[in-house]
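Written out below as structure tokens is the structure these notes cover.
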Amino acid sequence: MIITSKKIDILVLVFLLLSTTFLSLALKFNFLLNSVFFLITPSIYLSLRSKNIVLRNLIFTIPFAVVTGIVGDYILLWEKAWYVPTVFSFRILGVTMEELIWSTASIYFCIAVYEHFQDNVKHKMVDKHLKTFNLMLGFLALIFVVSLILNPRILHISFFYFKAELILILFCLYILLRYPRLLFHLTKVSLYILIVSLIFLLVGVKLGNWIYTGTQFIGWAKIFDLVIPYEEVILAFIFWIFSVEFFEYFDDRVHLLKS
């Protein structure tokens, strides 16, 4: 039996996941180390295997992760949704570097997996829709800064986590309805990314990488004796979907129609 390069890639990714899970639990990794080993290490491997995905991925990922990470986490910190210990000596509006590194690494990782295994089409470096998306992020950042200066209470949104997830789910459904073939491609990489997301969540909670302190959650799930807000479980299931869908929607809609 001939083992193809993609099958070797899958074996490498599975090995990295299993070894990282063991090392994390045995050595009690902090949030930063878990992000490095669970997300950044496999992303580096995939980037070396498919070097053409790196720059396009970064152009999309960094603005998306930084803007939404700071805005979203700032609002959730007002709700006192969680507390995140940090190894750094500073926070950005209360948001830790660990949270920003996680959001950037997570988005890059999801897109890298999808692009490596499912997207072999040659793309432009920056699509016009991607420029539009970054302008939208800039506008969101501007509204956030103006709100902080003029009236920070505008940003005090009760049950923000769940409301934001509902909006993301609706947008994802909209994209899938417009480009139904995307679901076929997403399904092929779904199992691996979902497993990584869920293991990362469970290991992080078990090791106290973050501590839930809020009350504005819709409920609590008990998984392996770990008590986790439903919103966190939902995010583990949808984060990769909207990361990839947003990237595809704002990167190459013409290809989506032809795929």
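Residue numbers start at 1 in each chain; chains themselves are named A, B, ... in the order of the structure tokens; ligands are numbered from 1 in the order shown.
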So which residues touch range 13-30 of chain A within 7 Å, counting only C-alpha atoms, skipping near sequence neighbours fewer than 6 positions away, as a PyMOL selection string? chain A and resi 37-38+42+207+209
Which of range 157-242 of chain A fall in strand (DSSP E), as an MDAnalysis selection string: chainID A and resid 211:212 220:223 226:229
Write the selection just made, keeping C-alpha atoms, as an mmCIF file, in the first residue's frame?
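This went into selection.cif:
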```
data_model
loop_
_atom_site.group_PDB
_atom_site.id
_atom_site.type_symbol
_atom_site.label_atom_id
_atom_site.label_comp_id
_atom_site.auth_asym_id
_atom_site.auth_seq_id
_atom_site.Cartn_x
_atom_site.Cartn_y
_atom_site.Cartn_z
ATOM 1 C CA ILE A 211 -10.953 30.342 35.554
ATOM 2 C CA TYR A 212 -14.647 30.995 34.992
ATOM 3 C CA TRP A 220 -23.103 24.945 32.540
ATOM 4 C CA ALA A 221 -22.005 21.623 31.083
ATOM 5 C CA LYS A 222 -20.251 18.929 33.100
ATOM 6 C CA ILE A 223 -17.654 17.053 31.059
ATOM 7 C CA LEU A 226 -15.099 19.688 34.588
ATOM 8 C CA VAL A 227 -17.751 22.415 34.790
ATOM 9 C CA ILE A 228 -17.709 24.550 31.641
ATOM 10 C CA PRO A 229 -20.136 27.218 30.357
#
```
Counting only C-alpha atoms, which residue out of A:Val67, A:Ile44, A:Ile218, A:Ile92 sits closest to Leu135 in chain A?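 For Leu135 in chain A, the nearest of the given residues is A:Val67.
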What gap, in Å, lies between CA of Glu165 in chain A and CA of Ile241 in chain A?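 Interatomic distance, CA of Glu165 in chain A to CA of Ile241 in chain A: 11.9 Å.
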Please measure the separation of CA of Leu32 in chain A and CA of Tyr83 in chain A, giving the value in Å to one decimal.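 Distance reported for this atom pair: 14.5 Å.
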Please list as a PyMOL selection string every residue within 8 Å of Leu46 in chain A, counting only C-alpha atoms and excluding residues in the same chain fewer than 2 positions away. chain A and resi 42-44+48-50+112-113+116
Which polymer residues have any atom within 8 Å of an atom of Ile75 in chain A, counting only C-alpha atoms, with same-chain residues fewer than 3 positions away left out, as a ChimeraX atom specification? /A:71-72,78-79,155-157,160
Just the helix (DSSP H, G or I) stuff from range 21-162 of chain A, please, per backbone DSSP, written as JSON, numbers by chain. {"A": [21, 22, 23, 24, 25, 26, 27, 31, 32, 33, 34, 35, 36, 37, 38, 39, 40, 41, 42, 43, 44, 45, 46, 47, 48, 49, 51, 52, 53, 54, 55, 56, 57, 58, 59, 60, 61, 62, 63, 64, 65, 66, 67, 68, 69, 70, 71, 72, 73, 74, 75, 76, 77, 78, 97, 98, 99, 100, 101, 102, 103, 104, 105, 106, 107, 108, 109, 110, 111, 112, 113, 114, 115, 116, 117, 118, 128, 129, 130, 131, 132, 133, 134, 135, 136, 137, 138, 139, 140, 141, 142, 143, 144, 145, 146, 147, 148, 149, 150, 152, 153, 154, 155, 160, 161, 162]}
Contact residues around Ile175 in chain A with only C-alpha atoms at 12 Å, ignoring same-chain residues under 2 positions, as a PyMOL selection string: chain A and resi 168-173+177-183+241-242+244-250+253+256-257
